Amino acid sequence: MESASSCSLVEKMKAIILSSNVDPYTYIWPSAYDTAWLAMIADPHDPSKPLFKNCLQWLINNQNQQGFWGDCDASHKPSLETLPATLASMLALKNWNTAASLIQRGLSFIEANTEKLLKDIENCCPRWFIIVFPAMLRLSECAGIEIVLPDTVRVTISSIFLHQQKLLHKEELVGKQGFLPLLSYLEALAPWYEVSEEDICSNLRGDGSLFQSPSATAKAFMATGNIHCLAYLESLIQRCPNGVPQTYPMDEDLIKLCMINQLQRLGLGEHFDKEIEEILAKIYRNYVEEEWWVKPTNMVEAQLHKDSLAFHLLRIHGYNVSPSLSFGWFLDDEEIRARIQKEPEHLSTTILSMYRASNLIFCGENELQDVKSFTTDLLHKCLLTKNGEPHTIFSQFQQMVQHELNTHWLAETDHLKHRTWIENNDTDVLWKGKTSHVRISHFQNEDLLELARQNYELKQSTFRHELKELTRCIGIITKHELVEWLCIAWWDSRGLNGHGKVIFNALDNLVSETATKYLEQGGIHDIKSGLQDLWCETFLSWLEEAKWNKKGQTPTIDEYLKNGMLSIAIHTMILPASCFLNPSFADNNLRPPQYQTITKLLMLICRILNDIQSYKRETEEGKWNFLQLRLMMNPNLKMEDSIAEGREIIDEMTKEFLQHVLVDGESNLPKPCKMLHLTCLKVFQMFYNSSNAFDSDTQLLQDISNAFYLPLRRNTKPSNIDLSQRYSVPKIKGSTAQKLRFGRSFKHINTCTSFGLHQAISLPVLRNGYGMISVDPKPYIPLLFVASIVPKWIMWH
């Protein structure tokens, strides 16, 4: 149940975001740099007064307590963008001889922080900064603002000045690459770069702006008095009466796409389903009807960001979109590709958006594979200095890039991704603009984060409750004679005794309870026989594997995979769970002959994923494995060749699987059931993508702690909380040998979590030096899996 405060906050956010009645510009945090330039404009009728008084007042009201204006992260730490923004703001205040104390505070900030901020970009200075920062320093000195900096900083600044001169002499005022040209930085060019009135007026847009830049247009008006520039600025102030954005007009669809992306990454999409679908439906109509693929001649970075984000969100929501028409168009433009490669740091947020979109690849989409390779290389460069050396300290963004490059996008559950995003200091970043990042309005972002925290903690509470229920019915598997497995597979308990009898009775009770509950919740048919068929088929597959091992038989690869896709038992988990989704799937899908292609693909992918990471142990235990069989059939292959082949098979099947999951009409299963399949694959990827995390005693400890126990980090050092006391995790009793052990394949997860054996399990809890819990992960792994994919279904067990 949602808390009253959460419901209230959801309704509040619905009223102020994604609503057709709300101005999208209210989502965006103003640009101090651009606002300062508008504040410098004198009233033509009274030059002793500012033309836009509200802009000047906004600067007075919005200096950070640390003394800077401009961009900062969620921890209120200044970023590189604060240097030119603070200098420009000081210039505006100095120009009108006001707020001397604010100027002094800004000056103190510049003198205290310039060295550190410049060090962060050592050997990797962005183009925009090379243009703007030296100009703001010179203008400040000309205005009589004396800045005292250490000699070491002066040397660095001299180097930046030299870079500026080289850049100004090398580049044309208006290039052809479609990116922000030099002239869009007009306020930072004069008087060191000669720009004629003709150059300015000939490049004005129809709306009177200079490349939709408020700061450049402000300078254009001050230099020329052009009435069209004035009309643009007045129109801007009418829309944004106080602080102004760094681009105007903005692409409102891009703003809405960014907000949808933000909601989903925070785990809040489920609360805004209707609003999200309405926006995406409208954007898709534009894609189909208004020739989305006709691209502008400039502002390429913003267009690429929009196109890749739209492709990603539309494809995730089932729309049929082509990558070549959506955002792969840049691949054929050598000039654009070269510019992106030249400035990966400036375009890093856009490149990351393109990289994420390229993950949603279907079979035969070679251009999307090209995008993935292209963006992967550039993101790796973002982690290096210009000298090719690794950065010594990663920024928050670089940490995120490194994580996404190192972690397969399917190898992390949504629940844990949401936590990472909630705790990320840069969650309010939308995309990179002219001189700073475009960010969500601070107050709206804080409300979103608070709602996301409440939502996450509610899910943690639910999972802990499920864990408590499940631990009461988890039992330990002993080895059984083949006849016992055969009796269970035939659903005949005669001749069973001991553990075999207990297992059969528990399984029979589970199936009966499941079928009864299905009917109570509105099911039309009795699904008991279908559930029995699932379990019988699964037990028979385990029996077949046991026969191979006991008799020394070697199956063919086809025989192995046909049986192995059943013995992995993933269908035994998700198909019964699908009966309880809304809408549920047709009960005849429980019958083995009617398995959907999407389910068969999932079963095969999971089997091969498991085999790639468990072949060493299984070889030692004398059990067959896909990789071993490939080597037997192809003596010239080496194990690494067999592994590579297995991964290629997984990649191709995953592409087909994603198409069945994401595209409406590719599968006749209801959408919730398809998404359940996808979540299940993510869990298996988490277990087996890069290593055998399932069999590791330590690898999943942090994920388990984050999913169930650890409170969200709120930009402070975690406190020493005794979680074992707070959440009543049972202490271990007995020796390590008495811990729960799992054997081959995922079948034991299903038997342990679903048999309902009323035999409590002992969980070791150890404290470490950071106040975090350490537990034996084995008992929690099935719970983490179950809690990830079937939280509603297991609540009543």
# chains A, B, ... in the order shown; residues from 1 in each chain; ligands from 1
>>> residues_around(residues="Ile316 of chain A", least_positions_apart="5", cutoff="10 Å", atoms="only C-alpha atoms", output="list in words")
Ala310, Phe311, Ala357, Leu360, Leu658, Val661, Leu662 and Val663 of chain A
>>> residues_around(residues="Gly564 of chain A", least_positions_apart="6", cutoff="9 Å", atoms="only C-alpha atoms", output="PDB file with N, CA, C and O atoms, in the first residue's frame")
ATOM      1  N   SER A 541      13.042 -33.822 -17.012  1.00  0.00           N
ATOM      2  CA  SER A 541      14.290 -33.310 -17.607  1.00  0.00           C
ATOM      3  C   SER A 541      15.464 -33.524 -16.658  1.00  0.00           C
ATOM      4  O   SER A 541      16.570 -33.842 -17.091  1.00  0.00           O
ATOM      5  N   TRP A 542      15.212 -33.351 -15.351  1.00  0.00           N
ATOM      6  CA  TRP A 542      16.282 -33.624 -14.385  1.00  0.00           C
ATOM      7  C   TRP A 542      16.628 -35.110 -14.365  1.00  0.00           C
ATOM      8  O   TRP A 542      17.780 -35.507 -14.238  1.00  0.00           O
ATOM      9  N   GLU A 545      18.846 -35.954 -17.318  1.00  0.00           N
ATOM     10  CA  GLU A 545      20.243 -35.578 -17.057  1.00  0.00           C
ATOM     11  C   GLU A 545      20.917 -36.585 -16.131  1.00  0.00           C
ATOM     12  O   GLU A 545      22.080 -36.951 -16.315  1.00  0.00           O
ATOM     13  N   MET A 603      14.266 -19.601 -22.187  1.00  0.00           N
ATOM     14  CA  MET A 603      14.765 -20.856 -21.623  1.00  0.00           C
ATOM     15  C   MET A 603      16.134 -21.218 -22.187  1.00  0.00           C
ATOM     16  O   MET A 603      17.041 -21.635 -21.450  1.00  0.00           O
ATOM     17  N   LEU A 604      16.313 -21.032 -23.491  1.00  0.00           N
ATOM     18  CA  LEU A 604      17.597 -21.363 -24.115  1.00  0.00           C
ATOM     19  C   LEU A 604      18.702 -20.399 -23.700  1.00  0.00           C
ATOM     20  O   LEU A 604      19.831 -20.808 -23.416  1.00  0.00           O
ATOM     21  N   ARG A 607      19.793 -21.194 -20.200  1.00  0.00           N
ATOM     22  CA  ARG A 607      20.573 -22.419 -20.141  1.00  0.00           C
ATOM     23  C   ARG A 607      22.021 -22.192 -20.575  1.00  0.00           C
ATOM     24  O   ARG A 607      22.965 -22.595 -19.893  1.00  0.00           O
ATOM     25  N   ILE A 608      22.214 -21.494 -21.695  1.00  0.00           N
ATOM     26  CA  ILE A 608      23.579 -21.306 -22.190  1.00  0.00           C
ATOM     27  C   ILE A 608      24.351 -20.340 -21.302  1.00  0.00           C
ATOM     28  O   ILE A 608      25.555 -20.510 -21.073  1.00  0.00           O
ATOM     29  N   PHE A 626      26.903 -27.593 -22.429  1.00  0.00           N
ATOM     30  CA  PHE A 626      26.886 -27.192 -23.843  1.00  0.00           C
ATOM     31  C   PHE A 626      28.301 -26.977 -24.386  1.00  0.00           C
ATOM     32  O   PHE A 626      28.622 -27.409 -25.504  1.00  0.00           O
TER      33      PHE A 626
END
>>> atom_distance(atom1="atom CA of Leu162 of chain A", atom2="atom CA of Leu378 of chain A")
26.5 Å
>>> select_by_dssp(residues="segment 631-670 of chain A", states="helix (DSSP H, G or I)", output="list in words")
Leu631, Met632, Met633, Met639, Glu640, Asp641, Ser642, Ile643, Ala644, Glu645, Gly646, Arg647, Glu648, Ile649, Ile650, Asp651, Glu652, Met653, Thr654, Lys655, Glu656, Phe657, Leu658, Gln659, His660, Val661 and Leu662 of chain A
>>> residues_around(residues="Pro181 of chain A", least_positions_apart="2", cutoff="12 Å", atoms="only C-alpha atoms", output="PyMOL selection string")
chain A and resi 127-128+131+167-168+171-179+183-186+189+203+210-213+216+297-300+339+434
>>> residues_around(residues="segment 40-44 of chain A", least_positions_apart="2", cutoff="9 Å", atoms="only C-alpha atoms", output="list in words")
Thr35, Ala36, Trp37, Leu38, Asp46, Pro47, Ser48, Lys49, Pro50, Leu51, Phe52, Cys55, Leu56, Leu91, Ala92, Leu93, Asn95, Trp96, Ala218, Lys219, Phe221, Met222 and Gly225 of chain A
>>> closest_residue(among="A:Met633, A:Ala85, A:Leu266, A:Ala143", to="Asn424 of chain A", atoms="only C-alpha atoms")
A:Leu266
>>> residues_around(residues="segment 29-32 of chain A", least_positions_apart="6", cutoff="12 Å", atoms="only C-alpha atoms", output="PyMOL selection string")
chain A and resi 38-39+55-64+68-72+81-92+213-215+240-248+255+428-430+433-445
>>> residues_around(residues="segment 708-710 of chain A", least_positions_apart="6", cutoff="7 Å", atoms="only C-alpha atoms", output="count of residues only")
3
>>> residues_around(residues="segment 145-152 of chain A", least_positions_apart="2", cutoff="12 Å", atoms="only C-alpha atoms", output="tab-separated table (two decimals) with all heavy atoms, in the first residue's frame")
chain	number	residue	atom	x	y	z
A	87	LEU	N	31.65	34.95	-13.21
A	87	LEU	CA	32.28	36.15	-13.75
A	87	LEU	C	31.25	37.02	-14.48
A	87	LEU	O	31.22	38.25	-14.33
A	87	LEU	CB	33.41	35.76	-14.69
A	87	LEU	CG	34.65	35.15	-14.02
A	87	LEU	CD1	35.59	34.56	-15.08
A	87	LEU	CD2	35.40	36.20	-13.20
A	88	ALA	N	30.38	36.38	-15.28
A	88	ALA	CA	29.36	37.15	-16.01
A	88	ALA	C	28.37	37.80	-15.05
A	88	ALA	O	27.95	38.96	-15.25
A	88	ALA	CB	28.62	36.22	-16.97
A	89	SER	N	28.00	37.10	-13.99
A	89	SER	CA	27.07	37.65	-13.01
A	89	SER	C	27.69	38.84	-12.28
A	89	SER	O	27.02	39.86	-12.03
A	89	SER	CB	26.66	36.57	-12.01
A	89	SER	OG	26.01	35.49	-12.67
A	90	MET	N	28.96	38.72	-11.92
A	90	MET	CA	29.66	39.83	-11.28
A	90	MET	C	29.73	41.04	-12.21
A	90	MET	O	29.56	42.19	-11.79
A	90	MET	CB	31.07	39.39	-10.87
A	90	MET	CG	31.10	38.37	-9.74
A	90	MET	SD	32.68	37.49	-9.61
A	90	MET	CE	33.83	38.84	-9.43
A	91	LEU	N	29.95	40.76	-13.49
A	91	LEU	CA	29.99	41.85	-14.48
A	91	LEU	C	28.66	42.60	-14.54
A	91	LEU	O	28.64	43.84	-14.59
A	91	LEU	CB	30.29	41.27	-15.87
A	91	LEU	CG	31.75	41.11	-16.27
A	91	LEU	CD1	31.86	40.31	-17.56
A	91	LEU	CD2	32.39	42.49	-16.45
A	92	ALA	N	27.55	41.85	-14.53
A	92	ALA	CA	26.23	42.48	-14.60
A	92	ALA	C	25.98	43.35	-13.37
A	92	ALA	O	25.49	44.49	-13.48
A	92	ALA	CB	25.16	41.40	-14.72
A	93	LEU	N	26.33	42.84	-12.19
A	93	LEU	CA	26.13	43.63	-10.97
A	93	LEU	C	27.04	44.86	-10.96
A	93	LEU	O	26.62	45.96	-10.56
A	93	LEU	CB	26.41	42.76	-9.75
A	93	LEU	CG	25.50	41.53	-9.55
A	93	LEU	CD1	25.93	40.73	-8.33
A	93	LEU	CD2	24.04	41.94	-9.43
A	94	LYS	N	28.28	44.69	-11.39
A	94	LYS	CA	29.23	45.80	-11.46
A	94	LYS	C	28.75	46.86	-12.44
A	94	LYS	O	28.90	48.08	-12.21
A	94	LYS	CB	30.60	45.27	-11.87
A	94	LYS	CG	31.71	46.29	-11.92
A	94	LYS	CD	32.17	46.70	-10.53
A	94	LYS	CE	33.42	47.56	-10.59
A	94	LYS	NZ	33.86	48.00	-9.25
A	95	ASN	N	28.16	46.40	-13.53
A	95	ASN	CA	27.68	47.31	-14.57
A	95	ASN	C	26.64	48.29	-14.02
A	95	ASN	O	26.56	49.43	-14.48
A	95	ASN	CB	27.09	46.49	-15.72
A	95	ASN	CG	26.76	47.34	-16.93
A	95	ASN	OD1	27.61	48.04	-17.46
A	95	ASN	ND2	25.51	47.27	-17.37
A	97	ASN	N	26.40	48.95	-10.67
A	97	ASN	CA	26.87	49.43	-9.36
A	97	ASN	C	25.94	49.02	-8.23
A	97	ASN	O	25.49	49.83	-7.41
A	97	ASN	CB	27.02	50.96	-9.37
A	97	ASN	CG	28.14	51.40	-10.28
A	97	ASN	OD1	29.23	50.81	-10.28
A	97	ASN	ND2	27.87	52.43	-11.07
A	100	ALA	N	27.34	45.16	-4.05
A	100	ALA	CA	28.80	45.06	-3.93
A	100	ALA	C	29.22	43.86	-3.07
A	100	ALA	O	30.25	43.22	-3.33
A	100	ALA	CB	29.35	46.35	-3.33
A	103	ILE	N	29.25	40.80	-5.19
A	103	ILE	CA	30.43	40.78	-6.06
A	103	ILE	C	31.65	40.31	-5.28
A	103	ILE	O	32.45	39.50	-5.76
A	103	ILE	CB	30.68	42.18	-6.66
A	103	ILE	CG1	29.50	42.59	-7.56
A	103	ILE	CG2	31.99	42.21	-7.43
A	103	ILE	CD1	29.60	43.99	-8.10
A	104	GLN	N	31.78	40.79	-4.03
A	104	GLN	CA	32.94	40.40	-3.21
A	104	GLN	C	32.90	38.91	-2.89
A	104	GLN	O	33.93	38.24	-2.94
A	104	GLN	CB	32.95	41.22	-1.92
A	104	GLN	CG	34.20	40.98	-1.07
A	104	GLN	CD	35.48	41.26	-1.82
A	104	GLN	OE1	35.64	42.29	-2.47
A	104	GLN	NE2	36.42	40.31	-1.76
A	106	GLY	N	31.48	36.63	-4.75
A	106	GLY	CA	31.80	35.96	-6.00
A	106	GLY	C	33.29	35.99	-6.28
A	106	GLY	O	33.87	35.00	-6.75
A	107	LEU	N	33.92	37.13	-6.00
A	107	LEU	CA	35.36	37.27	-6.20
A	107	LEU	C	36.12	36.31	-5.29
A	107	LEU	O	37.09	35.67	-5.71
A	107	LEU	CB	35.77	38.71	-5.92
A	107	LEU	CG	37.23	39.09	-6.19
A	107	LEU	CD1	37.58	38.84	-7.65
A	107	LEU	CD2	37.47	40.55	-5.83
A	108	SER	N	35.68	36.20	-4.06
A	108	SER	CA	36.32	35.26	-3.12
A	108	SER	C	36.20	33.83	-3.62
A	108	SER	O	37.14	33.02	-3.51
A	108	SER	CB	35.69	35.39	-1.73
A	108	SER	OG	35.88	36.68	-1.20
A	109	PHE	N	35.04	33.49	-4.17
A	109	PHE	CA	34.86	32.15	-4.72
A	109	PHE	C	35.82	31.90	-5.88
A	109	PHE	O	36.46	30.84	-5.95
A	109	PHE	CB	33.42	31.94	-5.19
A	109	PHE	CG	33.23	30.69	-5.99
A	109	PHE	CD1	33.08	29.47	-5.36
A	109	PHE	CD2	33.24	30.73	-7.38
A	109	PHE	CE1	32.95	28.30	-6.11
A	109	PHE	CE2	33.11	29.58	-8.13
A	109	PHE	CZ	32.95	28.36	-7.50
A	110	ILE	N	35.90	32.87	-6.81
A	110	ILE	CA	36.78	32.71	-7.96
A	110	ILE	C	38.23	32.50	-7.51
A	110	ILE	O	38.93	31.60	-7.99
A	110	ILE	CB	36.68	33.94	-8.89
A	110	ILE	CG1	35.28	34.02	-9.53
A	110	ILE	CG2	37.76	33.91	-9.96
A	110	ILE	CD1	35.00	32.94	-10.54
A	111	GLU	N	38.68	33.31	-6.59
A	111	GLU	CA	40.07	33.23	-6.14
A	111	GLU	C	40.35	31.94	-5.38
A	111	GLU	O	41.46	31.40	-5.45
A	111	GLU	CB	40.40	34.45	-5.27
A	111	GLU	CG	40.39	35.75	-6.06
A	111	GLU	CD	40.61	36.98	-5.19
A	111	GLU	OE1	40.55	36.86	-3.95
A	111	GLU	OE2	40.85	38.06	-5.76
A	112	ALA	N	39.34	31.41	-4.69
A	112	ALA	CA	39.57	30.21	-3.87
A	112	ALA	C	39.39	28.91	-4.64
A	112	ALA	O	39.94	27.88	-4.24
A	112	ALA	CB	38.61	30.22	-2.67
A	113	ASN	N	38.65	28.95	-5.74
A	113	ASN	CA	38.28	27.69	-6.39
A	113	ASN	C	38.78	27.51	-7.82
A	113	ASN	O	38.67	26.41	-8.37
A	113	ASN	CB	36.75	27.54	-6.39
A	113	ASN	CG	36.19	27.33	-5.01
A	113	ASN	OD1	36.13	26.21	-4.51
A	113	ASN	ND2	35.77	28.42	-4.37
A	114	THR	N	39.32	28.57	-8.42
A	114	THR	CA	39.75	28.47	-9.82
A	114	THR	C	40.81	27.39	-10.01
A	114	THR	O	40.75	26.59	-10.95
A	114	THR	CB	40.27	29.82	-10.32
A	114	THR	OG1	39.20	30.78	-10.28
A	114	THR	CG2	40.77	29.70	-11.76
A	115	GLU	N	41.79	27.35	-9.11
A	115	GLU	CA	42.87	26.37	-9.25
A	115	GLU	C	42.33	24.94	-9.24
A	115	GLU	O	42.71	24.11	-10.09
A	115	GLU	CB	43.89	26.56	-8.14
A	115	GLU	CG	45.10	25.61	-8.26
A	115	GLU	CD	46.18	25.91	-7.24
A	115	GLU	OE1	45.91	26.66	-6.28
A	115	GLU	OE2	47.31	25.41	-7.43
A	116	LYS	N	41.45	24.64	-8.31
A	116	LYS	CA	40.90	23.28	-8.21
A	116	LYS	C	40.05	22.94	-9.43
A	116	LYS	O	40.17	21.84	-10.00
A	116	LYS	CB	40.05	23.16	-6.95
A	116	LYS	CG	39.38	21.80	-6.80
A	116	LYS	CD	38.47	21.77	-5.60
A	116	LYS	CE	37.79	20.40	-5.47
A	116	LYS	NZ	36.98	20.07	-6.66
A	118	LEU	N	40.14	24.22	-12.45
A	118	LEU	CA	40.96	24.09	-13.65
A	118	LEU	C	41.76	22.79	-13.64
A	118	LEU	O	42.03	22.20	-14.70
A	118	LEU	CB	41.90	25.28	-13.79
A	118	LEU	CG	41.25	26.63	-14.09
A	118	LEU	CD1	42.33	27.71	-14.29
A	118	LEU	CD2	40.38	26.56	-15.34
A	119	LYS	N	42.14	22.35	-12.46
A	119	LYS	CA	42.90	21.10	-12.36
A	119	LYS	C	42.06	19.92	-12.83
A	119	LYS	O	42.57	18.94	-13.37
A	119	LYS	CB	43.36	20.88	-10.92
A	119	LYS	CG	44.33	19.71	-10.76
A	119	LYS	CD	44.90	19.65	-9.35
A	119	LYS	CE	45.88	18.49	-9.19
A	119	LYS	NZ	47.02	18.58	-10.11
A	136	MET	N	35.56	36.15	-20.34
A	136	MET	CA	34.96	36.65	-19.10
A	136	MET	C	36.02	37.23	-18.17
A	136	MET	O	35.78	38.23	-17.47
A	136	MET	CB	34.18	35.53	-18.40
A	136	MET	CG	32.97	35.00	-19.16
A	136	MET	SD	31.76	36.27	-19.60
A	136	MET	CE	32.14	36.50	-21.35
A	137	LEU	N	37.21	36.64	-18.14
A	137	LEU	CA	38.30	37.19	-17.33
A	137	LEU	C	38.70	38.57	-17.81
A	137	LEU	O	38.86	39.51	-17.03
A	137	LEU	CB	39.51	36.25	-17.36
A	137	LEU	CG	39.49	35.04	-16.43
A	137	LEU	CD1	40.72	34.18	-16.67
A	137	LEU	CD2	39.43	35.48	-14.96
A	138	ARG	N	38.85	38.71	-19.13
A	138	ARG	CA	39.25	40.01	-19.68
A	138	ARG	C	38.20	41.08	-19.43
A	138	ARG	O	38.52	42.21	-19.07
A	138	ARG	CB	39.49	39.86	-21.19
A	138	ARG	CG	40.81	39.17	-21.53
A	138	ARG	CD	40.89	38.90	-23.00
A	138	ARG	NE	42.21	38.41	-23.39
A	138	ARG	CZ	42.48	37.85	-24.56
A	138	ARG	NH1	41.49	37.67	-25.44
A	138	ARG	NH2	43.70	37.44	-24.87
A	139	LEU	N	36.93	40.72	-19.65
A	139	LEU	CA	35.85	41.69	-19.43
A	139	LEU	C	35.79	42.10	-17.96
A	139	LEU	O	35.53	43.27	-17.65
A	139	LEU	CB	34.52	41.09	-19.87
A	139	LEU	CG	34.32	40.92	-21.39
A	139	LEU	CD1	33.04	40.15	-21.68
A	139	LEU	CD2	34.29	42.28	-22.08
A	140	SER	N	36.04	41.16	-17.05
A	140	SER	CA	36.04	41.47	-15.62
A	140	SER	C	37.15	42.46	-15.29
A	140	SER	O	36.94	43.44	-14.54
A	140	SER	CB	36.21	40.19	-14.80
A	140	SER	OG	35.13	39.32	-15.01
A	141	GLU	N	38.34	42.21	-15.82
A	141	GLU	CA	39.47	43.11	-15.57
A	141	GLU	C	39.20	44.50	-16.14
A	141	GLU	O	39.51	45.51	-15.52
A	141	GLU	CB	40.75	42.52	-16.15
A	141	GLU	CG	41.22	41.26	-15.41
A	141	GLU	CD	42.38	40.58	-16.09
A	141	GLU	OE1	42.75	41.01	-17.22
A	141	GLU	OE2	42.93	39.61	-15.53
A	142	CYS	N	38.60	44.54	-17.34
A	142	CYS	CA	38.27	45.83	-17.96
A	142	CYS	C	37.23	46.60	-17.14
A	142	CYS	O	37.19	47.82	-17.14
A	142	CYS	CB	37.75	45.64	-19.38
A	142	CYS	SG	38.99	45.04	-20.54
A	143	ALA	N	36.37	45.84	-16.43
A	143	ALA	CA	35.33	46.47	-15.61
A	143	ALA	C	35.86	46.87	-14.24
A	143	ALA	O	35.11	47.41	-13.42
A	143	ALA	CB	34.15	45.51	-15.45
A	154	ARG	N	47.87	31.29	-12.98
A	154	ARG	CA	48.11	32.22	-14.08
A	154	ARG	C	48.76	31.53	-15.27
A	154	ARG	O	48.44	31.81	-16.42
A	154	ARG	CB	48.99	33.38	-13.60
A	154	ARG	CG	48.30	34.36	-12.68
A	154	ARG	CD	47.28	35.19	-13.45
A	154	ARG	NE	46.57	36.12	-12.59
A	154	ARG	CZ	45.56	36.89	-13.02
A	154	ARG	NH1	45.17	36.82	-14.27
A	154	ARG	NH2	44.94	37.71	-12.18
A	155	VAL	N	49.65	30.58	-14.97
A	155	VAL	CA	50.29	29.82	-16.06
A	155	VAL	C	49.25	29.00	-16.81
A	155	VAL	O	49.24	28.96	-18.04
A	155	VAL	CB	51.40	28.90	-15.47
A	155	VAL	CG1	51.91	27.95	-16.55
A	155	VAL	CG2	52.54	29.74	-14.91
A	156	THR	N	48.38	28.35	-16.06
A	156	THR	CA	47.32	27.55	-16.70
A	156	THR	C	46.39	28.43	-17.52
A	156	THR	O	46.01	28.08	-18.65
A	156	THR	CB	46.50	26.81	-15.62
A	156	THR	OG1	47.37	26.00	-14.82
A	156	THR	CG2	45.43	25.93	-16.24
A	157	ILE	N	46.04	29.59	-16.98
A	157	ILE	CA	45.14	30.50	-17.70
A	157	ILE	C	45.82	31.03	-18.97
A	157	ILE	O	45.17	31.16	-20.02
A	157	ILE	CB	44.72	31.67	-16.77
A	157	ILE	CG1	43.80	31.13	-15.66
A	157	ILE	CG2	44.02	32.76	-17.57
A	157	ILE	CD1	43.40	32.17	-14.63
A	158	SER	N	47.11	31.30	-18.89
A	158	SER	CA	47.84	31.75	-20.08
A	158	SER	C	47.77	30.69	-21.18
A	158	SER	O	47.62	31.00	-22.37
A	158	SER	CB	49.30	32.04	-19.73
A	158	SER	OG	49.39	33.12	-18.82
A	159	SER	N	47.86	29.42	-20.78
A	159	SER	CA	47.76	28.33	-21.74
A	159	SER	C	46.38	28.29	-22.38
A	159	SER	O	46.24	28.08	-23.59
A	159	SER	CB	48.06	27.00	-21.04
A	159	SER	OG	47.86	25.92	-21.92
>>> atom_distance(atom1="atom CA of Thr349 of chain A", atom2="atom CA of Lys432 of chain A")
6.6 Å
